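Dumped protein38.txt below, it's compact mmCIF, N, CA and C atoms:
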# COMPACT_ATOMS: atom_id res chain seq x y z
N MET A 314 -21.63 -5.95 42.98
CA MET A 314 -22.31 -6.28 41.74
C MET A 314 -22.83 -7.71 41.86
N ALA A 315 -24.04 -7.94 41.44
CA ALA A 315 -24.64 -9.27 41.49
C ALA A 315 -23.96 -10.17 40.47
N PRO A 316 -23.82 -11.51 40.77
CA PRO A 316 -23.14 -12.43 39.86
C PRO A 316 -23.73 -12.42 38.46
N THR A 317 -25.03 -12.31 38.29
CA THR A 317 -25.65 -12.34 36.97
C THR A 317 -25.26 -11.09 36.17
N ALA A 318 -25.31 -9.92 36.83
CA ALA A 318 -24.98 -8.68 36.13
C ALA A 318 -23.52 -8.68 35.71
N ARG A 319 -22.63 -9.20 36.57
CA ARG A 319 -21.21 -9.22 36.25
C ARG A 319 -20.95 -10.12 35.04
N ARG A 320 -21.59 -11.30 35.00
CA ARG A 320 -21.44 -12.21 33.86
C ARG A 320 -21.93 -11.56 32.58
N THR A 321 -23.02 -10.85 32.64
CA THR A 321 -23.58 -10.19 31.46
C THR A 321 -22.61 -9.14 30.93
N VAL A 322 -22.02 -8.35 31.83
CA VAL A 322 -21.08 -7.31 31.41
C VAL A 322 -19.84 -7.94 30.79
N LEU A 323 -19.29 -9.00 31.42
CA LEU A 323 -18.11 -9.67 30.88
C LEU A 323 -18.39 -10.30 29.53
N LYS A 324 -19.55 -10.93 29.41
CA LYS A 324 -19.93 -11.57 28.14
C LYS A 324 -20.05 -10.52 27.04
N GLY A 325 -20.67 -9.38 27.36
CA GLY A 325 -20.82 -8.30 26.38
C GLY A 325 -19.47 -7.74 25.95
N ALA A 326 -18.54 -7.60 26.89
CA ALA A 326 -17.21 -7.09 26.57
C ALA A 326 -16.46 -8.06 25.67
N ALA A 327 -16.59 -9.35 25.95
CA ALA A 327 -15.93 -10.37 25.12
C ALA A 327 -16.48 -10.36 23.70
N LEU A 328 -17.79 -10.25 23.57
CA LEU A 328 -18.41 -10.23 22.24
C LEU A 328 -18.00 -8.98 21.47
N ALA A 329 -17.95 -7.85 22.14
CA ALA A 329 -17.56 -6.59 21.47
C ALA A 329 -16.12 -6.69 20.97
N GLY A 330 -15.24 -7.29 21.80
CA GLY A 330 -13.84 -7.46 21.40
C GLY A 330 -13.72 -8.37 20.19
N ALA A 331 -14.45 -9.47 20.18
CA ALA A 331 -14.41 -10.40 19.05
C ALA A 331 -14.94 -9.75 17.78
N ALA A 332 -16.00 -8.97 17.91
CA ALA A 332 -16.56 -8.29 16.74
C ALA A 332 -15.55 -7.29 16.18
N GLY A 333 -14.84 -6.59 17.06
CA GLY A 333 -13.84 -5.62 16.62
C GLY A 333 -12.71 -6.29 15.85
N LEU A 334 -12.30 -7.49 16.27
CA LEU A 334 -11.25 -8.23 15.57
C LEU A 334 -11.68 -8.59 14.16
N GLY A 335 -12.92 -9.00 14.01
CA GLY A 335 -13.44 -9.37 12.69
C GLY A 335 -13.41 -8.19 11.74
N VAL A 336 -13.78 -7.03 12.23
CA VAL A 336 -13.79 -5.82 11.40
C VAL A 336 -12.37 -5.45 11.01
N ALA A 337 -11.44 -5.52 11.96
CA ALA A 337 -10.06 -5.15 11.67
C ALA A 337 -9.43 -6.10 10.66
N ALA A 338 -9.76 -7.37 10.73
CA ALA A 338 -9.16 -8.36 9.83
C ALA A 338 -9.58 -8.14 8.38
N CYS A 339 -10.75 -7.61 8.13
CA CYS A 339 -11.24 -7.45 6.76
C CYS A 339 -11.18 -6.02 6.26
N SER A 340 -10.73 -5.09 7.09
CA SER A 340 -10.72 -3.71 6.64
C SER A 340 -9.56 -3.49 5.69
N THR A 341 -9.71 -2.52 4.81
CA THR A 341 -8.61 -2.15 3.93
C THR A 341 -8.30 -0.69 4.21
N GLU A 342 -7.01 -0.39 4.27
CA GLU A 342 -6.60 0.95 4.63
C GLU A 342 -6.58 1.91 3.45
N SER A 343 -6.59 1.37 2.24
CA SER A 343 -6.59 2.21 1.05
C SER A 343 -7.21 1.42 -0.08
N LYS A 344 -7.29 2.04 -1.25
CA LYS A 344 -7.84 1.31 -2.39
C LYS A 344 -6.89 0.23 -2.88
N LEU A 345 -5.69 0.19 -2.35
CA LEU A 345 -4.75 -0.87 -2.70
C LEU A 345 -4.67 -1.89 -1.58
N GLY A 346 -5.67 -1.93 -0.73
CA GLY A 346 -5.70 -2.92 0.34
C GLY A 346 -4.50 -2.77 1.24
N HIS A 347 -3.90 -3.87 1.62
CA HIS A 347 -2.75 -3.85 2.51
C HIS A 347 -1.45 -3.84 1.72
N ALA A 348 -1.52 -3.63 0.41
CA ALA A 348 -0.33 -3.62 -0.43
C ALA A 348 0.50 -2.38 -0.08
N GLN A 349 1.57 -2.57 0.67
CA GLN A 349 2.40 -1.45 1.08
C GLN A 349 3.06 -0.79 -0.13
N VAL A 350 3.76 -1.56 -0.93
CA VAL A 350 4.43 -1.05 -2.13
C VAL A 350 4.10 -2.03 -3.26
N PRO A 351 2.99 -1.80 -3.97
CA PRO A 351 2.54 -2.76 -4.96
C PRO A 351 3.35 -2.78 -6.26
N THR A 352 4.19 -1.78 -6.48
CA THR A 352 4.98 -1.75 -7.71
C THR A 352 6.47 -1.61 -7.34
N PRO A 353 7.36 -2.07 -8.22
CA PRO A 353 8.80 -2.01 -7.92
C PRO A 353 9.28 -0.58 -7.72
N THR A 354 10.24 -0.42 -6.81
CA THR A 354 10.83 0.90 -6.56
C THR A 354 12.18 1.03 -7.25
N ALA A 355 12.64 -0.06 -7.87
CA ALA A 355 13.90 -0.07 -8.62
C ALA A 355 13.69 -0.98 -9.83
N PRO A 356 14.50 -0.84 -10.89
CA PRO A 356 14.36 -1.72 -12.05
C PRO A 356 14.51 -3.19 -11.67
N VAL A 357 13.67 -4.04 -12.28
CA VAL A 357 13.67 -5.48 -12.00
C VAL A 357 13.93 -6.22 -13.31
N ASP A 358 14.99 -7.04 -13.34
CA ASP A 358 15.32 -7.84 -14.51
C ASP A 358 14.44 -9.09 -14.48
N LEU A 359 13.63 -9.28 -15.52
CA LEU A 359 12.72 -10.41 -15.59
C LEU A 359 13.23 -11.54 -16.48
N GLY A 360 14.39 -11.37 -17.07
CA GLY A 360 14.96 -12.42 -17.91
C GLY A 360 14.52 -12.29 -19.36
N ALA A 361 14.54 -13.41 -20.05
CA ALA A 361 14.29 -13.45 -21.49
C ALA A 361 12.90 -12.95 -21.86
N ALA A 362 12.86 -12.04 -22.82
CA ALA A 362 11.58 -11.49 -23.29
C ALA A 362 10.73 -12.56 -23.95
N ASN A 363 11.35 -13.53 -24.61
CA ASN A 363 10.58 -14.55 -25.31
C ASN A 363 9.94 -15.57 -24.36
N ALA A 364 10.13 -15.41 -23.04
CA ALA A 364 9.46 -16.27 -22.06
C ALA A 364 7.98 -15.92 -21.93
N VAL A 365 7.62 -14.72 -22.43
CA VAL A 365 6.21 -14.30 -22.41
C VAL A 365 5.65 -14.56 -23.81
N PRO A 366 4.69 -15.47 -23.92
CA PRO A 366 4.17 -15.81 -25.25
C PRO A 366 3.36 -14.67 -25.87
N VAL A 367 3.50 -14.49 -27.19
CA VAL A 367 2.73 -13.48 -27.90
C VAL A 367 1.24 -13.80 -27.73
N GLY A 368 0.47 -12.80 -27.31
CA GLY A 368 -0.96 -12.99 -27.06
C GLY A 368 -1.27 -13.55 -25.69
N GLY A 369 -0.23 -13.85 -24.92
CA GLY A 369 -0.42 -14.44 -23.59
C GLY A 369 0.22 -13.60 -22.51
N ALA A 370 0.35 -14.21 -21.35
CA ALA A 370 0.90 -13.52 -20.19
C ALA A 370 1.72 -14.47 -19.36
N LYS A 371 2.61 -13.92 -18.56
CA LYS A 371 3.44 -14.71 -17.65
C LYS A 371 3.44 -14.04 -16.28
N LEU A 372 3.28 -14.86 -15.26
CA LEU A 372 3.31 -14.39 -13.88
C LEU A 372 4.73 -14.53 -13.34
N TYR A 373 5.26 -13.45 -12.81
CA TYR A 373 6.55 -13.45 -12.14
C TYR A 373 6.22 -13.26 -10.66
N ARG A 374 5.83 -14.35 -10.01
CA ARG A 374 5.29 -14.28 -8.65
C ARG A 374 6.30 -13.71 -7.66
N GLU A 375 7.54 -14.16 -7.74
CA GLU A 375 8.56 -13.71 -6.80
C GLU A 375 8.79 -12.19 -6.91
N GLN A 376 8.70 -11.67 -8.13
CA GLN A 376 8.89 -10.23 -8.36
C GLN A 376 7.58 -9.45 -8.22
N ARG A 377 6.48 -10.16 -7.99
CA ARG A 377 5.14 -9.58 -7.83
C ARG A 377 4.72 -8.79 -9.07
N LEU A 378 4.96 -9.40 -10.25
CA LEU A 378 4.60 -8.77 -11.52
C LEU A 378 3.94 -9.78 -12.44
N VAL A 379 3.10 -9.27 -13.33
CA VAL A 379 2.52 -10.08 -14.40
C VAL A 379 2.74 -9.29 -15.69
N VAL A 380 3.21 -10.00 -16.73
CA VAL A 380 3.55 -9.35 -18.00
C VAL A 380 2.71 -9.96 -19.12
N HIS A 381 2.13 -9.08 -19.93
CA HIS A 381 1.33 -9.48 -21.08
C HIS A 381 2.05 -9.03 -22.35
N CYS A 382 2.00 -9.88 -23.39
CA CYS A 382 2.62 -9.56 -24.68
C CYS A 382 1.51 -9.51 -25.73
N PRO A 383 0.96 -8.32 -26.02
CA PRO A 383 -0.14 -8.22 -26.99
C PRO A 383 0.31 -8.50 -28.43
N ALA A 384 1.56 -8.20 -28.75
CA ALA A 384 2.10 -8.44 -30.10
C ALA A 384 3.62 -8.60 -29.97
N GLN A 385 4.22 -9.21 -30.97
CA GLN A 385 5.67 -9.42 -30.95
C GLN A 385 6.40 -8.13 -30.61
N GLY A 386 7.21 -8.17 -29.55
CA GLY A 386 8.01 -7.01 -29.16
C GLY A 386 7.29 -5.98 -28.31
N GLU A 387 6.00 -6.17 -28.03
CA GLU A 387 5.23 -5.24 -27.19
C GLU A 387 4.91 -5.90 -25.86
N TYR A 388 5.06 -5.16 -24.78
CA TYR A 388 4.82 -5.72 -23.46
C TYR A 388 4.08 -4.72 -22.57
N LYS A 389 3.22 -5.26 -21.72
CA LYS A 389 2.54 -4.47 -20.70
C LYS A 389 2.73 -5.21 -19.39
N ALA A 390 3.06 -4.48 -18.35
CA ALA A 390 3.28 -5.11 -17.04
C ALA A 390 2.36 -4.46 -16.00
N PHE A 391 1.96 -5.30 -15.05
CA PHE A 391 1.11 -4.85 -13.95
C PHE A 391 1.62 -5.47 -12.65
N SER A 392 1.33 -4.81 -11.55
CA SER A 392 1.61 -5.40 -10.25
C SER A 392 0.80 -6.68 -10.15
N ALA A 393 1.37 -7.73 -9.56
CA ALA A 393 0.63 -8.98 -9.35
C ALA A 393 0.14 -9.06 -7.91
N GLN A 394 0.10 -7.91 -7.24
CA GLN A 394 -0.35 -7.85 -5.86
C GLN A 394 -1.80 -7.38 -5.86
N CYS A 395 -2.70 -8.23 -5.37
CA CYS A 395 -4.13 -7.95 -5.38
C CYS A 395 -4.43 -6.62 -4.69
N THR A 396 -5.30 -5.85 -5.28
CA THR A 396 -5.66 -4.54 -4.75
C THR A 396 -6.67 -4.61 -3.61
N HIS A 397 -7.14 -5.81 -3.27
CA HIS A 397 -8.07 -5.96 -2.15
C HIS A 397 -7.31 -6.05 -0.83
N ALA A 398 -6.46 -7.05 -0.68
CA ALA A 398 -5.77 -7.23 0.60
C ALA A 398 -4.27 -7.44 0.44
N GLY A 399 -3.74 -7.27 -0.77
CA GLY A 399 -2.30 -7.31 -0.96
C GLY A 399 -1.70 -8.68 -1.19
N CYS A 400 -2.50 -9.72 -1.35
CA CYS A 400 -1.96 -11.05 -1.64
C CYS A 400 -1.41 -11.06 -3.07
N VAL A 401 -0.42 -11.91 -3.32
CA VAL A 401 0.16 -12.01 -4.65
C VAL A 401 -0.63 -13.05 -5.45
N LEU A 402 -0.93 -12.71 -6.70
CA LEU A 402 -1.64 -13.64 -7.57
C LEU A 402 -0.88 -14.97 -7.59
N ASP A 403 -1.62 -16.08 -7.69
CA ASP A 403 -0.95 -17.38 -7.68
C ASP A 403 -0.90 -18.06 -9.03
N LYS A 404 -1.74 -17.61 -9.97
CA LYS A 404 -1.70 -18.23 -11.30
C LYS A 404 -2.38 -17.33 -12.32
N VAL A 405 -2.02 -17.57 -13.58
CA VAL A 405 -2.65 -16.90 -14.72
C VAL A 405 -3.21 -18.00 -15.60
N GLU A 406 -4.50 -17.91 -15.88
CA GLU A 406 -5.17 -18.86 -16.77
C GLU A 406 -5.69 -18.07 -17.95
N GLY A 407 -5.08 -18.29 -19.12
CA GLY A 407 -5.43 -17.48 -20.29
C GLY A 407 -4.99 -16.06 -20.04
N THR A 408 -5.94 -15.15 -19.93
CA THR A 408 -5.62 -13.75 -19.64
C THR A 408 -6.20 -13.30 -18.30
N GLU A 409 -6.52 -14.26 -17.43
CA GLU A 409 -7.06 -13.93 -16.10
C GLU A 409 -6.09 -14.35 -15.01
N GLY A 410 -5.81 -13.39 -14.12
CA GLY A 410 -4.98 -13.67 -12.96
C GLY A 410 -5.87 -13.93 -11.76
N ASN A 411 -5.47 -14.88 -10.94
CA ASN A 411 -6.26 -15.30 -9.79
C ASN A 411 -5.56 -14.95 -8.48
N CYS A 412 -6.34 -14.39 -7.54
CA CYS A 412 -5.85 -14.14 -6.19
C CYS A 412 -6.32 -15.29 -5.30
N PRO A 413 -5.39 -15.99 -4.65
CA PRO A 413 -5.76 -17.15 -3.85
C PRO A 413 -6.42 -16.80 -2.51
N CYS A 414 -6.31 -15.58 -2.07
CA CYS A 414 -6.81 -15.23 -0.73
C CYS A 414 -8.33 -15.10 -0.65
N HIS A 415 -8.94 -14.32 -1.55
CA HIS A 415 -10.38 -14.08 -1.47
C HIS A 415 -11.09 -14.28 -2.80
N GLY A 416 -10.37 -14.78 -3.83
CA GLY A 416 -11.01 -15.12 -5.09
C GLY A 416 -11.12 -14.01 -6.11
N SER A 417 -10.46 -12.87 -5.88
CA SER A 417 -10.49 -11.81 -6.88
C SER A 417 -9.83 -12.30 -8.16
N ARG A 418 -10.33 -11.81 -9.29
CA ARG A 418 -9.74 -12.16 -10.59
C ARG A 418 -9.52 -10.87 -11.38
N PHE A 419 -8.42 -10.85 -12.14
CA PHE A 419 -8.03 -9.67 -12.89
C PHE A 419 -7.75 -10.02 -14.34
N ASP A 420 -8.07 -9.09 -15.25
CA ASP A 420 -7.69 -9.20 -16.65
C ASP A 420 -6.23 -8.75 -16.72
N VAL A 421 -5.31 -9.66 -17.02
CA VAL A 421 -3.89 -9.31 -17.02
C VAL A 421 -3.47 -8.56 -18.27
N THR A 422 -4.40 -8.33 -19.21
CA THR A 422 -4.08 -7.51 -20.39
C THR A 422 -4.36 -6.03 -20.12
N THR A 423 -5.20 -5.75 -19.12
CA THR A 423 -5.57 -4.37 -18.80
C THR A 423 -5.39 -4.03 -17.32
N GLY A 424 -5.28 -5.04 -16.47
CA GLY A 424 -5.19 -4.83 -15.03
C GLY A 424 -6.56 -4.74 -14.35
N LYS A 425 -7.63 -4.68 -15.14
CA LYS A 425 -8.98 -4.48 -14.62
C LYS A 425 -9.42 -5.62 -13.69
N ALA A 426 -10.08 -5.26 -12.58
CA ALA A 426 -10.67 -6.26 -11.68
C ALA A 426 -11.91 -6.84 -12.36
N LEU A 427 -11.95 -8.15 -12.51
CA LEU A 427 -13.08 -8.83 -13.16
C LEU A 427 -14.06 -9.41 -12.15
N GLN A 428 -13.54 -9.81 -10.98
CA GLN A 428 -14.36 -10.44 -9.95
C GLN A 428 -13.84 -9.98 -8.60
N GLY A 429 -14.74 -9.60 -7.71
CA GLY A 429 -14.38 -9.09 -6.39
C GLY A 429 -13.99 -10.19 -5.43
N PRO A 430 -13.58 -9.72 -4.29
CA PRO A 430 -13.87 -8.44 -3.68
C PRO A 430 -13.05 -7.25 -4.19
N ALA A 431 -11.96 -7.47 -4.90
CA ALA A 431 -11.20 -6.32 -5.43
C ALA A 431 -12.04 -5.56 -6.45
N THR A 432 -11.96 -4.24 -6.39
CA THR A 432 -12.67 -3.38 -7.35
C THR A 432 -11.72 -2.45 -8.08
N VAL A 433 -10.52 -2.30 -7.56
CA VAL A 433 -9.52 -1.40 -8.13
C VAL A 433 -8.59 -2.20 -9.04
N PRO A 434 -8.25 -1.67 -10.22
CA PRO A 434 -7.37 -2.41 -11.14
C PRO A 434 -5.96 -2.57 -10.59
N LEU A 435 -5.23 -3.54 -11.13
CA LEU A 435 -3.82 -3.71 -10.79
C LEU A 435 -3.05 -2.50 -11.34
N PRO A 436 -2.14 -1.93 -10.57
CA PRO A 436 -1.36 -0.80 -11.07
C PRO A 436 -0.44 -1.21 -12.22
N GLU A 437 -0.41 -0.38 -13.27
CA GLU A 437 0.48 -0.65 -14.39
C GLU A 437 1.92 -0.31 -13.99
N VAL A 438 2.86 -1.06 -14.54
CA VAL A 438 4.27 -0.89 -14.24
C VAL A 438 5.01 -0.68 -15.56
N PRO A 439 5.88 0.34 -15.65
CA PRO A 439 6.65 0.53 -16.88
C PRO A 439 7.50 -0.71 -17.17
N ILE A 440 7.62 -1.06 -18.46
CA ILE A 440 8.41 -2.22 -18.86
C ILE A 440 9.03 -1.96 -20.23
N LYS A 441 10.22 -2.52 -20.44
CA LYS A 441 10.85 -2.41 -21.76
C LYS A 441 11.63 -3.68 -22.04
N ALA A 442 11.74 -3.97 -23.32
CA ALA A 442 12.56 -5.09 -23.78
C ALA A 442 13.85 -4.49 -24.31
N GLU A 443 14.96 -4.98 -23.79
CA GLU A 443 16.26 -4.44 -24.17
C GLU A 443 17.25 -5.59 -24.29
N GLY A 444 17.82 -5.78 -25.48
CA GLY A 444 18.79 -6.86 -25.68
C GLY A 444 18.19 -8.24 -25.43
N GLY A 445 16.90 -8.40 -25.75
CA GLY A 445 16.25 -9.69 -25.57
C GLY A 445 15.80 -9.97 -24.14
N LYS A 446 15.98 -9.00 -23.25
CA LYS A 446 15.57 -9.16 -21.85
C LYS A 446 14.51 -8.14 -21.48
N LEU A 447 13.68 -8.52 -20.51
CA LEU A 447 12.66 -7.61 -20.00
C LEU A 447 13.13 -6.96 -18.70
N VAL A 448 12.90 -5.65 -18.62
CA VAL A 448 13.20 -4.90 -17.39
C VAL A 448 11.95 -4.12 -17.06
N ALA A 449 11.49 -4.26 -15.82
CA ALA A 449 10.27 -3.57 -15.37
C ALA A 449 10.61 -2.66 -14.19
N GLY A 450 9.76 -1.66 -14.02
CA GLY A 450 9.93 -0.76 -12.89
C GLY A 450 10.35 0.63 -13.34
N PRO A 451 10.74 1.46 -12.37
CA PRO A 451 11.14 2.84 -12.70
C PRO A 451 12.24 2.86 -13.75
N GLU A 452 12.20 3.85 -14.58
CA GLU A 452 13.18 4.06 -15.65
C GLU A 452 13.16 2.98 -16.72
N ALA A 453 12.11 2.16 -16.74
CA ALA A 453 12.02 1.12 -17.78
C ALA A 453 11.38 1.69 -19.02
Final structure tokens representation of the file:
Amino acid sequence: MAPTARRTVLKGAALAGAAGLGVAACSTESKLGHAQVPTPTAPVDLGAANAVPVGGAKLYREQRLVVHCPAQGEYKAFSAQCTHAGCVLDKVEGTEGNCPCHGSRFDVTTGKALQGPATVPLPEVPIKAEGGKLVAGPEA
């Protein structure tokens, strides 16, 4: 093989490999991105119910949940794991949750995706207030 032809083939192979890596890094395997288990598989104790302000929301980042309190004694919970690539929301401003990885924003009162790249809403999670404490997840 001539030196020029060999260099061209090697260069083409390197470029094809690099292009493949870029595609793999941004692909999503499902509508929930890379979120393996976006909702709790067992009940999760979130502590005092009054920690969530009426009309507001609270992010429980470690538990990967966000809880909204539309009215006194009423609660709605959603996964805080972004449906684009599975990153956990980093903050809630008003009623919008922010994903730090790619800038997706969600309405934490409904779970709806407000700004992409995420297009799928946050999954709702069952929640109940019992004895002044919040419990989310199955059987809640």
Where in range 357-453 of chain A does DSSP assign strand (DSSP E), given as a VMD selection string? chain A and resid 357 to 361 370 to 373 378 to 384 387 to 392 404 to 406 409 to 411 418 to 420 426 to 428 437 to 438 440 to 443 446 to 449
Nearest candidate to Thr432 in chain A (options A:Thr396, A:His415, A:Lys404, A:Val365; using only N, CA and C atoms):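 Answer, going by the shortest atom-to-atom distance: A:Thr396.
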Could you check how far atom C of Gly450 in chain A sits from CA of Glu387 in chain A, in Å to one decimal? 15.9 Å
Pick out the closest residue to Thr422 in chain A from this set: A:Ala390, A:Leu372, A:Ala384, A:Leu359. Count only C-alpha atoms.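 Closest residue, counting only C-alpha atoms: A:Ala390.
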Report as an mmCIF file with N, CA and C atoms, in the coordinates of the input all protein, DNA and RNA residues lying within 6.5 Å of Asp403 in chain A, evaluated on all atoms listed in the file, omitting residues in the same chain fewer than 2 positions from it.
data_model
loop_
_atom_site.group_PDB
_atom_site.id
_atom_site.type_symbol
_atom_site.label_atom_id
_atom_site.label_comp_id
_atom_site.auth_asym_id
_atom_site.auth_seq_id
_atom_site.Cartn_x
_atom_site.Cartn_y
_atom_site.Cartn_z
ATOM 1 N N VAL A 401 -0.420 -11.910 -3.320
ATOM 2 C CA VAL A 401 0.160 -12.010 -4.650
ATOM 3 C C VAL A 401 -0.630 -13.050 -5.450
ATOM 4 N N VAL A 405 -2.020 -17.570 -13.580
ATOM 5 C CA VAL A 405 -2.650 -16.900 -14.720
ATOM 6 C C VAL A 405 -3.210 -18.000 -15.600
ATOM 7 N N GLY A 410 -5.810 -13.390 -14.120
ATOM 8 C CA GLY A 410 -4.980 -13.670 -12.960
ATOM 9 C C GLY A 410 -5.870 -13.930 -11.760
ATOM 10 N N ASN A 411 -5.470 -14.880 -10.940
ATOM 11 C CA ASN A 411 -6.260 -15.300 -9.790
ATOM 12 C C ASN A 411 -5.560 -14.950 -8.480
ATOM 13 N N CYS A 412 -6.340 -14.390 -7.540
ATOM 14 C CA CYS A 412 -5.850 -14.140 -6.190
ATOM 15 C C CYS A 412 -6.320 -15.290 -5.300
ATOM 16 N N PRO A 413 -5.390 -15.990 -4.650
ATOM 17 C CA PRO A 413 -5.760 -17.150 -3.850
ATOM 18 C C PRO A 413 -6.420 -16.800 -2.510
#
Please determine the residues with any atom at most 10 Å from (15.5, -8.4, -28.7) (coordinates as given in the file, with only C-alpha atoms counting) and report them as a list in words.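 Selection result: Ala361, Ala362, Asn363, Gly386, Ala442, Glu443, Gly444, Gly445, Lys446 and Leu447 of chain A.
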Compare A:Ser392, A:Lys425, A:Glu409, A:Val357 by their minimum atom-to-atom distance to Val448 in chain A, counting all atoms listed in the file, and give me the closest one. A:Val357
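Between atom N of Ala398 in chain A and CA of Val367 in chain A the separation is 29.4 Å.
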With only C-alpha atoms as the counted atoms, please give the residues lying no more than 12 Å from Cys395 in chain A, apart from itself and same-chain residues fewer than 4 positions off, as a short mmCIF file (atom, residue, chain, number, x, y, z; two decimals) with N, CA and C atoms, in the frame of the given file.
data_model
loop_
_atom_site.label_atom_id
_atom_site.label_comp_id
_atom_site.auth_asym_id
_atom_site.auth_seq_id
_atom_site.Cartn_x
_atom_site.Cartn_y
_atom_site.Cartn_z
N THR A 341 -9.71 -2.52 4.81
CA THR A 341 -8.61 -2.15 3.93
C THR A 341 -8.30 -0.69 4.21
N LYS A 344 -7.29 2.04 -1.25
CA LYS A 344 -7.84 1.31 -2.39
C LYS A 344 -6.89 0.23 -2.88
N LEU A 345 -5.69 0.19 -2.35
CA LEU A 345 -4.75 -0.87 -2.70
C LEU A 345 -4.67 -1.89 -1.58
N GLY A 346 -5.67 -1.93 -0.73
CA GLY A 346 -5.70 -2.92 0.34
C GLY A 346 -4.50 -2.77 1.24
N HIS A 347 -3.90 -3.87 1.62
CA HIS A 347 -2.75 -3.85 2.51
C HIS A 347 -1.45 -3.84 1.72
N ALA A 348 -1.52 -3.63 0.41
CA ALA A 348 -0.33 -3.62 -0.43
C ALA A 348 0.50 -2.38 -0.08
N GLN A 349 1.57 -2.57 0.67
CA GLN A 349 2.40 -1.45 1.08
C GLN A 349 3.06 -0.79 -0.13
N VAL A 350 3.76 -1.56 -0.93
CA VAL A 350 4.43 -1.05 -2.13
C VAL A 350 4.10 -2.03 -3.26
N PRO A 351 2.99 -1.80 -3.97
CA PRO A 351 2.54 -2.76 -4.96
C PRO A 351 3.35 -2.78 -6.26
N THR A 352 4.19 -1.78 -6.48
CA THR A 352 4.98 -1.75 -7.71
C THR A 352 6.47 -1.61 -7.34
N ARG A 374 5.83 -14.35 -10.01
CA ARG A 374 5.29 -14.28 -8.65
C ARG A 374 6.30 -13.71 -7.66
N ARG A 377 6.48 -10.16 -7.99
CA ARG A 377 5.14 -9.58 -7.83
C ARG A 377 4.72 -8.79 -9.07
N LEU A 378 4.96 -9.40 -10.25
CA LEU A 378 4.60 -8.77 -11.52
C LEU A 378 3.94 -9.78 -12.44
N VAL A 379 3.10 -9.27 -13.33
CA VAL A 379 2.52 -10.08 -14.40
C VAL A 379 2.74 -9.29 -15.69
N PHE A 391 1.96 -5.30 -15.05
CA PHE A 391 1.11 -4.85 -13.95
C PHE A 391 1.62 -5.47 -12.65
N GLY A 399 -3.74 -7.27 -0.77
CA GLY A 399 -2.30 -7.31 -0.96
C GLY A 399 -1.70 -8.68 -1.19
N CYS A 400 -2.50 -9.72 -1.35
CA CYS A 400 -1.96 -11.05 -1.64
C CYS A 400 -1.41 -11.06 -3.07
N VAL A 401 -0.42 -11.91 -3.32
CA VAL A 401 0.16 -12.01 -4.65
C VAL A 401 -0.63 -13.05 -5.45
N LEU A 402 -0.93 -12.71 -6.70
CA LEU A 402 -1.64 -13.64 -7.57
C LEU A 402 -0.88 -14.97 -7.59
N ASP A 403 -1.62 -16.08 -7.69
CA ASP A 403 -0.95 -17.38 -7.68
C ASP A 403 -0.90 -18.06 -9.03
N GLY A 410 -5.81 -13.39 -14.12
CA GLY A 410 -4.98 -13.67 -12.96
C GLY A 410 -5.87 -13.93 -11.76
N ASN A 411 -5.47 -14.88 -10.94
CA ASN A 411 -6.26 -15.30 -9.79
C ASN A 411 -5.56 -14.95 -8.48
N CYS A 412 -6.34 -14.39 -7.54
CA CYS A 412 -5.85 -14.14 -6.19
C CYS A 412 -6.32 -15.29 -5.30
N PRO A 413 -5.39 -15.99 -4.65
CA PRO A 413 -5.76 -17.15 -3.85
C PRO A 413 -6.42 -16.80 -2.51
N CYS A 414 -6.31 -15.58 -2.07
CA CYS A 414 -6.81 -15.23 -0.73
C CYS A 414 -8.33 -15.10 -0.65
N HIS A 415 -8.94 -14.32 -1.55
CA HIS A 415 -10.38 -14.08 -1.47
C HIS A 415 -11.09 -14.28 -2.80
N GLY A 416 -10.37 -14.78 -3.83
CA GLY A 416 -11.01 -15.12 -5.09
C GLY A 416 -11.12 -14.01 -6.11
N SER A 417 -10.46 -12.87 -5.88
CA SER A 417 -10.49 -11.81 -6.88
C SER A 417 -9.83 -12.30 -8.16
N ARG A 418 -10.33 -11.81 -9.29
CA ARG A 418 -9.74 -12.16 -10.59
C ARG A 418 -9.52 -10.87 -11.38
N PHE A 419 -8.42 -10.85 -12.14
CA PHE A 419 -8.03 -9.67 -12.89
C PHE A 419 -7.75 -10.02 -14.34
N ASP A 420 -8.07 -9.09 -15.25
CA ASP A 420 -7.69 -9.20 -16.65
C ASP A 420 -6.23 -8.75 -16.72
N VAL A 421 -5.31 -9.66 -17.02
CA VAL A 421 -3.89 -9.31 -17.02
C VAL A 421 -3.47 -8.56 -18.27
N GLY A 424 -5.28 -5.04 -16.47
CA GLY A 424 -5.19 -4.83 -15.03
C GLY A 424 -6.56 -4.74 -14.35
N LYS A 425 -7.63 -4.68 -15.14
CA LYS A 425 -8.98 -4.48 -14.62
C LYS A 425 -9.42 -5.62 -13.69
N ALA A 426 -10.08 -5.26 -12.58
CA ALA A 426 -10.67 -6.26 -11.68
C ALA A 426 -11.91 -6.84 -12.36
N LEU A 427 -11.95 -8.15 -12.51
CA LEU A 427 -13.08 -8.83 -13.16
C LEU A 427 -14.06 -9.41 -12.15
N GLN A 428 -13.54 -9.81 -10.98
CA GLN A 428 -14.36 -10.44 -9.95
C GLN A 428 -13.84 -9.98 -8.60
N GLY A 429 -14.74 -9.60 -7.71
CA GLY A 429 -14.38 -9.09 -6.39
C GLY A 429 -13.99 -10.19 -5.43
N PRO A 430 -13.58 -9.72 -4.29
CA PRO A 430 -13.87 -8.44 -3.68
C PRO A 430 -13.05 -7.25 -4.19
N ALA A 431 -11.96 -7.47 -4.90
CA ALA A 431 -11.20 -6.32 -5.43
C ALA A 431 -12.04 -5.56 -6.45
N THR A 432 -11.96 -4.24 -6.39
CA THR A 432 -12.67 -3.38 -7.35
C THR A 432 -11.72 -2.45 -8.08
N VAL A 433 -10.52 -2.30 -7.56
CA VAL A 433 -9.52 -1.40 -8.13
C VAL A 433 -8.59 -2.20 -9.04
N PRO A 434 -8.25 -1.67 -10.22
CA PRO A 434 -7.37 -2.41 -11.14
C PRO A 434 -5.96 -2.57 -10.59
N LEU A 435 -5.23 -3.54 -11.13
CA LEU A 435 -3.82 -3.71 -10.79
C LEU A 435 -3.05 -2.50 -11.34
N PRO A 436 -2.14 -1.93 -10.57
CA PRO A 436 -1.36 -0.80 -11.07
C PRO A 436 -0.44 -1.21 -12.22
#
